[in-house]
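Participant: So that you have it, the file is work-v1.cif, and it contains mmCIF, N, CA and C atoms:
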```
data_model
loop_
_atom_site.label_atom_id
_atom_site.label_comp_id
_atom_site.auth_asym_id
_atom_site.auth_seq_id
_atom_site.Cartn_x
_atom_site.Cartn_y
_atom_site.Cartn_z
N MET T 264 20.61 -4.32 -1.68
CA MET T 264 19.84 -4.89 -2.77
C MET T 264 19.42 -6.31 -2.40
N VAL T 265 18.20 -6.68 -2.75
CA VAL T 265 17.67 -7.99 -2.43
C VAL T 265 18.00 -8.93 -3.58
N VAL T 266 18.59 -10.08 -3.27
CA VAL T 266 18.97 -11.01 -4.32
C VAL T 266 18.22 -12.33 -4.23
N ASP T 267 17.65 -12.66 -3.10
CA ASP T 267 16.90 -13.91 -2.95
C ASP T 267 15.54 -13.78 -3.61
N GLU T 268 15.06 -14.91 -4.15
CA GLU T 268 13.73 -14.90 -4.75
C GLU T 268 12.70 -14.82 -3.62
N LEU T 269 11.69 -14.01 -3.83
CA LEU T 269 10.65 -13.82 -2.83
C LEU T 269 9.64 -14.96 -2.92
N ASP T 270 9.20 -15.46 -1.76
CA ASP T 270 8.19 -16.51 -1.77
C ASP T 270 6.81 -15.89 -1.98
N ASP T 271 5.85 -16.73 -2.38
CA ASP T 271 4.51 -16.24 -2.72
C ASP T 271 3.83 -15.52 -1.56
N GLU T 272 4.01 -16.03 -0.35
CA GLU T 272 3.37 -15.41 0.82
C GLU T 272 3.91 -13.99 1.04
N THR T 273 5.19 -13.81 0.88
CA THR T 273 5.80 -12.49 1.05
C THR T 273 5.28 -11.53 -0.02
N VAL T 274 5.22 -11.99 -1.25
CA VAL T 274 4.73 -11.15 -2.35
C VAL T 274 3.26 -10.81 -2.13
N ASP T 275 2.47 -11.78 -1.67
CA ASP T 275 1.05 -11.52 -1.40
C ASP T 275 0.88 -10.43 -0.34
N ARG T 276 1.65 -10.52 0.75
CA ARG T 276 1.56 -9.51 1.81
C ARG T 276 1.99 -8.14 1.29
N LEU T 277 3.04 -8.13 0.49
CA LEU T 277 3.57 -6.88 -0.05
C LEU T 277 2.55 -6.18 -0.93
N PHE T 278 1.98 -6.90 -1.87
CA PHE T 278 1.03 -6.27 -2.79
C PHE T 278 -0.33 -6.03 -2.16
N HIS T 279 -0.71 -6.84 -1.18
CA HIS T 279 -1.93 -6.55 -0.43
C HIS T 279 -1.78 -5.20 0.29
N ALA T 280 -0.62 -4.99 0.90
CA ALA T 280 -0.38 -3.74 1.61
C ALA T 280 -0.37 -2.55 0.65
N LEU T 281 0.22 -2.72 -0.51
CA LEU T 281 0.31 -1.62 -1.48
C LEU T 281 -0.98 -1.40 -2.27
N ALA T 282 -1.93 -2.31 -2.15
CA ALA T 282 -3.17 -2.20 -2.91
C ALA T 282 -4.11 -1.13 -2.37
N ASP T 283 -3.87 -0.67 -1.17
CA ASP T 283 -4.77 0.29 -0.53
C ASP T 283 -4.20 1.71 -0.62
N THR T 284 -5.04 2.66 -1.03
CA THR T 284 -4.64 4.06 -1.18
C THR T 284 -4.12 4.65 0.12
N THR T 285 -4.80 4.41 1.22
CA THR T 285 -4.39 4.96 2.51
C THR T 285 -3.02 4.42 2.91
N ARG T 286 -2.81 3.13 2.71
CA ARG T 286 -1.52 2.55 3.09
C ARG T 286 -0.39 3.10 2.22
N ARG T 287 -0.66 3.29 0.92
CA ARG T 287 0.37 3.89 0.07
C ARG T 287 0.67 5.31 0.52
N ASP T 288 -0.34 6.04 0.95
CA ASP T 288 -0.13 7.40 1.43
C ASP T 288 0.67 7.41 2.74
N ILE T 289 0.35 6.49 3.64
CA ILE T 289 1.10 6.37 4.89
C ILE T 289 2.57 6.09 4.56
N LEU T 290 2.80 5.20 3.64
CA LEU T 290 4.17 4.86 3.24
C LEU T 290 4.90 6.09 2.69
N ARG T 291 4.23 6.85 1.83
CA ARG T 291 4.84 8.07 1.28
C ARG T 291 5.18 9.06 2.38
N ARG T 292 4.28 9.23 3.33
CA ARG T 292 4.53 10.17 4.42
C ARG T 292 5.73 9.73 5.27
N CYS T 293 5.83 8.43 5.50
CA CYS T 293 6.92 7.92 6.33
C CYS T 293 8.26 7.93 5.61
N VAL T 294 8.25 7.92 4.29
CA VAL T 294 9.49 8.02 3.53
C VAL T 294 10.15 9.36 3.82
N ARG T 295 9.34 10.39 4.01
CA ARG T 295 9.87 11.74 4.28
C ARG T 295 10.46 11.86 5.67
N GLY T 296 10.10 10.96 6.57
CA GLY T 296 10.61 10.99 7.93
C GLY T 296 9.73 10.20 8.87
N GLU T 297 10.29 9.82 10.01
CA GLU T 297 9.53 9.07 11.01
C GLU T 297 8.34 9.90 11.49
N LEU T 298 7.22 9.23 11.65
CA LEU T 298 6.01 9.87 12.18
C LEU T 298 5.40 8.95 13.22
N SER T 299 4.80 9.55 14.22
CA SER T 299 4.09 8.74 15.21
C SER T 299 2.75 8.30 14.62
N VAL T 300 2.23 7.21 15.14
CA VAL T 300 0.94 6.73 14.67
C VAL T 300 -0.14 7.78 14.93
N SER T 301 -0.06 8.45 16.08
CA SER T 301 -1.05 9.48 16.37
C SER T 301 -0.95 10.65 15.39
N ARG T 302 0.25 11.01 14.99
CA ARG T 302 0.44 12.08 13.99
C ARG T 302 -0.12 11.65 12.64
N LEU T 303 0.12 10.41 12.28
CA LEU T 303 -0.44 9.89 11.04
C LEU T 303 -1.96 9.92 11.07
N ALA T 304 -2.54 9.54 12.22
CA ALA T 304 -3.99 9.46 12.35
C ALA T 304 -4.65 10.82 12.14
N GLU T 305 -3.94 11.90 12.46
CA GLU T 305 -4.50 13.25 12.27
C GLU T 305 -4.77 13.56 10.79
N ALA T 306 -4.07 12.89 9.89
CA ALA T 306 -4.16 13.19 8.47
C ALA T 306 -5.33 12.48 7.76
N TYR T 307 -6.02 11.59 8.46
CA TYR T 307 -7.04 10.78 7.79
C TYR T 307 -8.39 10.90 8.49
N PRO T 308 -9.46 10.84 7.69
CA PRO T 308 -10.81 10.91 8.27
C PRO T 308 -11.27 9.54 8.76
N MET T 309 -10.48 8.94 9.65
CA MET T 309 -10.83 7.63 10.21
C MET T 309 -10.31 7.59 11.63
N SER T 310 -10.68 6.57 12.32
CA SER T 310 -10.27 6.46 13.72
C SER T 310 -8.79 6.14 13.85
N PHE T 311 -8.26 6.41 15.03
CA PHE T 311 -6.88 6.07 15.36
C PHE T 311 -6.66 4.57 15.19
N ALA T 312 -7.64 3.78 15.65
CA ALA T 312 -7.53 2.33 15.54
C ALA T 312 -7.45 1.87 14.09
N ALA T 313 -8.18 2.53 13.20
CA ALA T 313 -8.14 2.17 11.78
C ALA T 313 -6.76 2.46 11.19
N VAL T 314 -6.17 3.58 11.57
CA VAL T 314 -4.83 3.92 11.10
C VAL T 314 -3.83 2.90 11.65
N GLN T 315 -3.99 2.51 12.92
CA GLN T 315 -3.12 1.49 13.50
C GLN T 315 -3.19 0.19 12.71
N LYS T 316 -4.39 -0.18 12.28
CA LYS T 316 -4.55 -1.40 11.49
C LYS T 316 -3.83 -1.29 10.15
N HIS T 317 -3.93 -0.12 9.51
CA HIS T 317 -3.23 0.09 8.25
C HIS T 317 -1.72 -0.02 8.46
N VAL T 318 -1.23 0.58 9.51
CA VAL T 318 0.21 0.51 9.82
C VAL T 318 0.62 -0.95 10.09
N ALA T 319 -0.23 -1.71 10.76
CA ALA T 319 0.07 -3.11 11.05
C ALA T 319 0.18 -3.92 9.76
N VAL T 320 -0.67 -3.64 8.78
CA VAL T 320 -0.60 -4.34 7.49
C VAL T 320 0.73 -4.00 6.80
N LEU T 321 1.10 -2.74 6.83
CA LEU T 321 2.38 -2.31 6.23
C LEU T 321 3.55 -2.97 6.96
N GLU T 322 3.43 -3.09 8.27
CA GLU T 322 4.50 -3.69 9.07
C GLU T 322 4.64 -5.18 8.76
N ARG T 323 3.51 -5.90 8.66
CA ARG T 323 3.55 -7.34 8.33
C ARG T 323 4.17 -7.57 6.95
N ALA T 324 3.98 -6.60 6.06
CA ALA T 324 4.54 -6.71 4.71
C ALA T 324 6.02 -6.32 4.67
N GLY T 325 6.52 -5.81 5.78
CA GLY T 325 7.92 -5.41 5.84
C GLY T 325 8.19 -4.05 5.23
N LEU T 326 7.14 -3.29 5.00
CA LEU T 326 7.31 -1.97 4.39
C LEU T 326 7.65 -0.89 5.40
N VAL T 327 7.18 -1.06 6.63
CA VAL T 327 7.49 -0.11 7.70
C VAL T 327 7.86 -0.89 8.96
N ALA T 328 8.47 -0.17 9.88
CA ALA T 328 8.76 -0.74 11.20
C ALA T 328 8.33 0.28 12.24
N LYS T 329 7.83 -0.20 13.38
CA LYS T 329 7.45 0.69 14.49
C LYS T 329 8.51 0.58 15.57
N GLN T 330 8.74 1.72 16.20
CA GLN T 330 9.68 1.75 17.31
C GLN T 330 9.09 2.65 18.38
N ARG T 331 9.09 2.14 19.60
CA ARG T 331 8.55 2.92 20.71
C ARG T 331 9.53 4.03 21.08
N SER T 332 8.99 5.22 21.25
CA SER T 332 9.76 6.37 21.72
C SER T 332 8.92 7.06 22.78
N GLY T 333 9.20 6.74 24.02
CA GLY T 333 8.36 7.26 25.10
C GLY T 333 6.99 6.64 25.03
N ARG T 334 5.99 7.51 24.94
CA ARG T 334 4.60 7.03 24.87
C ARG T 334 4.12 6.85 23.43
N GLU T 335 4.96 7.17 22.47
CA GLU T 335 4.54 7.11 21.07
C GLU T 335 5.18 5.93 20.34
N GLN T 336 4.49 5.50 19.31
CA GLN T 336 5.01 4.51 18.38
C GLN T 336 5.43 5.26 17.12
N LEU T 337 6.72 5.28 16.82
CA LEU T 337 7.20 5.94 15.61
C LEU T 337 7.22 4.94 14.47
N VAL T 338 6.77 5.40 13.32
CA VAL T 338 6.71 4.55 12.13
C VAL T 338 7.77 5.05 11.15
N ARG T 339 8.59 4.14 10.69
CA ARG T 339 9.61 4.49 9.70
C ARG T 339 9.58 3.45 8.58
N THR T 340 10.00 3.86 7.41
CA THR T 340 10.01 2.92 6.29
C THR T 340 11.28 2.09 6.32
N ASP T 341 11.20 0.92 5.74
CA ASP T 341 12.36 0.05 5.57
C ASP T 341 13.01 0.47 4.25
N PRO T 342 14.29 0.83 4.27
CA PRO T 342 14.94 1.29 3.04
C PRO T 342 14.94 0.26 1.91
N ASP T 343 14.86 -1.03 2.25
CA ASP T 343 14.86 -2.07 1.22
C ASP T 343 13.45 -2.44 0.74
N ALA T 344 12.44 -1.80 1.32
CA ALA T 344 11.06 -2.17 1.01
C ALA T 344 10.72 -1.99 -0.47
N VAL T 345 11.08 -0.86 -1.01
CA VAL T 345 10.78 -0.61 -2.42
C VAL T 345 11.56 -1.59 -3.29
N GLY T 346 12.74 -1.94 -2.86
CA GLY T 346 13.53 -2.92 -3.60
C GLY T 346 12.85 -4.27 -3.68
N ARG T 347 12.19 -4.66 -2.59
CA ARG T 347 11.47 -5.95 -2.59
C ARG T 347 10.28 -5.90 -3.55
N ALA T 348 9.57 -4.77 -3.56
CA ALA T 348 8.44 -4.64 -4.48
C ALA T 348 8.94 -4.67 -5.92
N ARG T 349 10.02 -3.95 -6.19
CA ARG T 349 10.60 -3.93 -7.54
C ARG T 349 11.06 -5.34 -7.93
N GLN T 350 11.68 -6.05 -6.99
CA GLN T 350 12.15 -7.40 -7.28
C GLN T 350 10.97 -8.30 -7.66
N ALA T 351 9.88 -8.21 -6.94
CA ALA T 351 8.71 -9.03 -7.25
C ALA T 351 8.18 -8.71 -8.64
N LEU T 352 8.11 -7.43 -8.98
CA LEU T 352 7.65 -7.04 -10.31
C LEU T 352 8.64 -7.47 -11.39
N ASP T 353 9.93 -7.35 -11.11
CA ASP T 353 10.94 -7.78 -12.07
C ASP T 353 10.85 -9.27 -12.35
N GLU T 354 10.57 -10.06 -11.30
CA GLU T 354 10.43 -11.50 -11.48
C GLU T 354 9.22 -11.82 -12.36
N LEU T 355 8.12 -11.11 -12.14
CA LEU T 355 6.94 -11.31 -12.98
C LEU T 355 7.21 -10.90 -14.43
N GLU T 356 7.88 -9.76 -14.59
CA GLU T 356 8.20 -9.29 -15.93
C GLU T 356 9.09 -10.30 -16.66
N SER T 357 10.07 -10.83 -15.97
CA SER T 357 10.99 -11.80 -16.56
C SER T 357 10.23 -13.05 -17.02
N ALA T 358 9.32 -13.51 -16.20
CA ALA T 358 8.53 -14.70 -16.57
C ALA T 358 7.69 -14.42 -17.81
N TRP T 359 7.04 -13.27 -17.87
CA TRP T 359 6.20 -12.94 -19.02
C TRP T 359 7.04 -12.70 -20.27
N ARG T 360 8.17 -12.04 -20.13
CA ARG T 360 9.04 -11.83 -21.30
C ARG T 360 9.51 -13.17 -21.84
N GLY T 361 9.83 -14.11 -20.97
CA GLY T 361 10.22 -15.44 -21.42
C GLY T 361 9.12 -16.12 -22.21
N ARG T 362 7.89 -15.98 -21.74
CA ARG T 362 6.76 -16.58 -22.46
C ARG T 362 6.56 -15.93 -23.82
N VAL T 363 6.64 -14.62 -23.86
CA VAL T 363 6.46 -13.90 -25.13
C VAL T 363 7.57 -14.28 -26.10
N ASP T 364 8.80 -14.37 -25.61
CA ASP T 364 9.92 -14.76 -26.47
C ASP T 364 9.72 -16.17 -27.03
N ARG T 365 9.24 -17.09 -26.18
CA ARG T 365 9.00 -18.46 -26.66
C ARG T 365 7.90 -18.48 -27.71
N MET T 366 6.83 -17.70 -27.52
CA MET T 366 5.76 -17.64 -28.52
C MET T 366 6.28 -17.06 -29.83
N ALA T 367 7.10 -16.02 -29.76
CA ALA T 367 7.66 -15.42 -30.96
C ALA T 367 8.52 -16.43 -31.73
N ARG T 368 9.32 -17.21 -31.00
CA ARG T 368 10.15 -18.23 -31.65
C ARG T 368 9.28 -19.30 -32.31
N LEU T 369 8.23 -19.72 -31.62
CA LEU T 369 7.34 -20.73 -32.20
C LEU T 369 6.66 -20.21 -33.45
N LEU T 370 6.23 -18.99 -33.44
CA LEU T 370 5.58 -18.40 -34.62
C LEU T 370 6.57 -18.25 -35.77
N ALA T 371 7.80 -17.90 -35.46
CA ALA T 371 8.82 -17.74 -36.49
C ALA T 371 9.19 -19.09 -37.11
N GLU T 372 9.09 -20.17 -36.35
CA GLU T 372 9.42 -21.50 -36.84
C GLU T 372 8.29 -22.15 -37.61
N ASP T 373 7.08 -21.64 -37.52
CA ASP T 373 5.91 -22.24 -38.16
C ASP T 373 6.04 -22.13 -39.67
N PRO T 374 6.26 -23.26 -40.36
CA PRO T 374 6.47 -23.20 -41.81
C PRO T 374 5.20 -22.80 -42.57
N GLY T 375 4.05 -22.99 -42.02
CA GLY T 375 2.81 -22.63 -42.70
C GLY T 375 2.40 -21.20 -42.50
N SER T 376 3.15 -20.43 -41.75
CA SER T 376 2.73 -19.06 -41.46
C SER T 376 2.73 -18.18 -42.69
N GLU T 377 3.63 -18.44 -43.70
CA GLU T 377 3.66 -17.63 -44.91
C GLU T 377 2.43 -17.89 -45.76
N ASP T 378 1.96 -19.14 -45.80
CA ASP T 378 0.77 -19.48 -46.58
C ASP T 378 -0.46 -18.82 -45.99
N ASN T 379 -0.46 -18.56 -44.68
CA ASN T 379 -1.62 -17.98 -44.03
C ASN T 379 -1.73 -16.48 -44.25
N ASP T 380 -0.70 -15.87 -44.86
CA ASP T 380 -0.72 -14.42 -45.07
C ASP T 380 -1.62 -14.03 -46.24
N THR T 381 -1.89 -14.93 -47.18
CA THR T 381 -2.71 -14.58 -48.34
C THR T 381 -4.13 -15.02 -48.07
N PRO T 382 -5.08 -14.12 -48.27
CA PRO T 382 -6.47 -14.49 -48.02
C PRO T 382 -6.96 -15.46 -49.10
N GLU T 383 -7.74 -16.41 -48.67
CA GLU T 383 -8.33 -17.36 -49.60
C GLU T 383 -9.73 -16.92 -49.93
N GLY T 384 -10.20 -17.32 -51.07
CA GLY T 384 -11.55 -16.96 -51.45
C GLY T 384 -11.55 -16.16 -52.72
N PRO T 385 -12.73 -15.72 -53.17
CA PRO T 385 -12.83 -14.99 -54.43
C PRO T 385 -12.15 -13.63 -54.36
N GLU T 386 -11.52 -13.24 -55.47
CA GLU T 386 -10.90 -11.92 -55.53
C GLU T 386 -11.93 -10.86 -55.74
N ARG T 387 -11.65 -9.67 -55.25
CA ARG T 387 -12.63 -8.59 -55.39
C ARG T 387 -12.12 -7.57 -56.35
#
```
For this file, write the structure as structure tokens.
Facilitator:
Amino acid sequence: MVVDELDDETVDRLFHALADTTRRDILRRCVRGELSVSRLAEAYPMSFAAVQKHVAVLERAGLVAKQRSGREQLVRTDPDAVGRARQALDELESAWRGRVDRMARLLAEDPGSEDNDTPEGPER
């Protein structure tokens, strides 16, 4: 489990990598087991080089790691990768919940809020 707060650059790389459909699909495929880059490339209507670039983005974000096995590059997921993404989202959620809680307290303390509940003007 990740306990350190993630820096902005790490979070940016993580969500940039996850923002692309192809990269999310590559990640899903690699969760099921190690795959070579060439095997991954067979699944997409793009060049081998384009798939390599997608894998490189995932690797920079720490979501996957490549390991040479003979002539192939095997891609595997980092078991803590999803934990880092969850941690980043949890930190954002915590910040927003804190803001909402503070707004709720301020509204509850507003002594004029009860007077604002009755509409002013002519009765119908």
Participant: Kindly give the distance, in Å, that separates atom CA of T:Arg334 and atom CA of T:Ser299, rounded to a single decimal.
Facilitator: 9.8 Å
Participant: Would you mind listing what lies within 6 Å of stretch 335-343 of chain T as a list of chain:residue names, with only C-alpha atoms counted and same-chain residues fewer than 4 positions away left out?
Facilitator: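 After dropping sequence-adjacent residues, the list is T:Cys293, T:Val294, T:Glu297, T:Leu298, T:Ser299, T:Val300, T:Leu326, T:Val327, T:Ala328, T:Lys329, T:Gln330, T:Arg331.
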Participant: In Å, rounded to a single decimal, give me how far atom C of T:Gly361 is from atom N of T:Ala344.
Facilitator: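 The value is 27.7 Å.
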Participant: Selection in question (the file shown): the PyMOL selection byres (((chain T and resi 279 and name CA) around 12) and name CA). Which residues does it include, as a list in words?
Facilitator: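 The output of the PyMOL selection byres (((chain T and resi 279 and name CA) around 12) and name CA) on this file is Asp271, Glu272, Thr273, Val274, Asp275, Arg276, Leu277, Phe278, Ala280, Leu281, Ala282, Asp283, Thr284, Arg286, Arg287, His317, Val320, Leu321, Glu322, Arg323, Ala324, Gly325, Leu326 and Ala348 of chain T.
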Participant: Would you mind writing down, as an NGL selection string, each residue of stretch 314-365 of chain T that DSSP on the backbone assigns to helix (DSSP H, G or I)?
Facilitator: :T and (314-323 or 344-365)
Participant: Where in chain T does DSSP assign strand (DSSP E), given as a compact mmCIF listing (two decimals) with N, CA and C atoms, in the frame of the given file?
Facilitator:
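File result_36.txt, as written:
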```txt
# COMPACT_ATOMS: atom_id res chain seq x y z
N LEU T 298 7.22 9.23 11.65
CA LEU T 298 6.01 9.87 12.18
C LEU T 298 5.40 8.95 13.22
N SER T 299 4.80 9.55 14.22
CA SER T 299 4.09 8.74 15.21
C SER T 299 2.75 8.30 14.62
N VAL T 327 7.18 -1.06 6.63
CA VAL T 327 7.49 -0.11 7.70
C VAL T 327 7.86 -0.89 8.96
N ALA T 328 8.47 -0.17 9.88
CA ALA T 328 8.76 -0.74 11.20
C ALA T 328 8.33 0.28 12.24
N LYS T 329 7.83 -0.20 13.38
CA LYS T 329 7.45 0.69 14.49
C LYS T 329 8.51 0.58 15.57
N GLN T 330 8.74 1.72 16.20
CA GLN T 330 9.68 1.75 17.31
C GLN T 330 9.09 2.65 18.38
N ARG T 331 9.09 2.14 19.60
CA ARG T 331 8.55 2.92 20.71
C ARG T 331 9.53 4.03 21.08
N SER T 332 8.99 5.22 21.25
CA SER T 332 9.76 6.37 21.72
C SER T 332 8.92 7.06 22.78
N GLU T 335 4.96 7.17 22.47
CA GLU T 335 4.54 7.11 21.07
C GLU T 335 5.18 5.93 20.34
N GLN T 336 4.49 5.50 19.31
CA GLN T 336 5.01 4.51 18.38
C GLN T 336 5.43 5.26 17.12
N LEU T 337 6.72 5.28 16.82
CA LEU T 337 7.20 5.94 15.61
C LEU T 337 7.22 4.94 14.47
N VAL T 338 6.77 5.40 13.32
CA VAL T 338 6.71 4.55 12.13
C VAL T 338 7.77 5.05 11.15
N ARG T 339 8.59 4.14 10.69
CA ARG T 339 9.61 4.49 9.70
C ARG T 339 9.58 3.45 8.58
N THR T 340 10.00 3.86 7.41
CA THR T 340 10.01 2.92 6.29
C THR T 340 11.28 2.09 6.32
```
Participant: Can you work out the spacing between atom C of T:Arg365 and atom CA of T:Arg347 in Å, to one decimal?
Facilitator: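 Separation of atom C of T:Arg365 and atom CA of T:Arg347: 28.3 Å.
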Participant: Quick one: of T:Trp359, T:Ser301, T:Val345, T:Arg292, who's nearest to T:Gln315, counting only N, CA and C atoms?
Facilitator: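 Going through T:Trp359, T:Ser301, T:Val345, T:Arg292 one by one, the smallest distance to T:Gln315 is for T:Ser301.
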Participant: With 6 Å added on each side, what axis-aligned box encloses every listed atom of stretch 276-289 of chain T? Give the centre and edge lengths in Å to one decimal, as AutoDock Vina command-line options.
Facilitator:
```
--center_x -0.7 --center_y -1.6 --center_z 1.0 --size_x 20.6 --size_y 29.9 --size_z 19.8
```
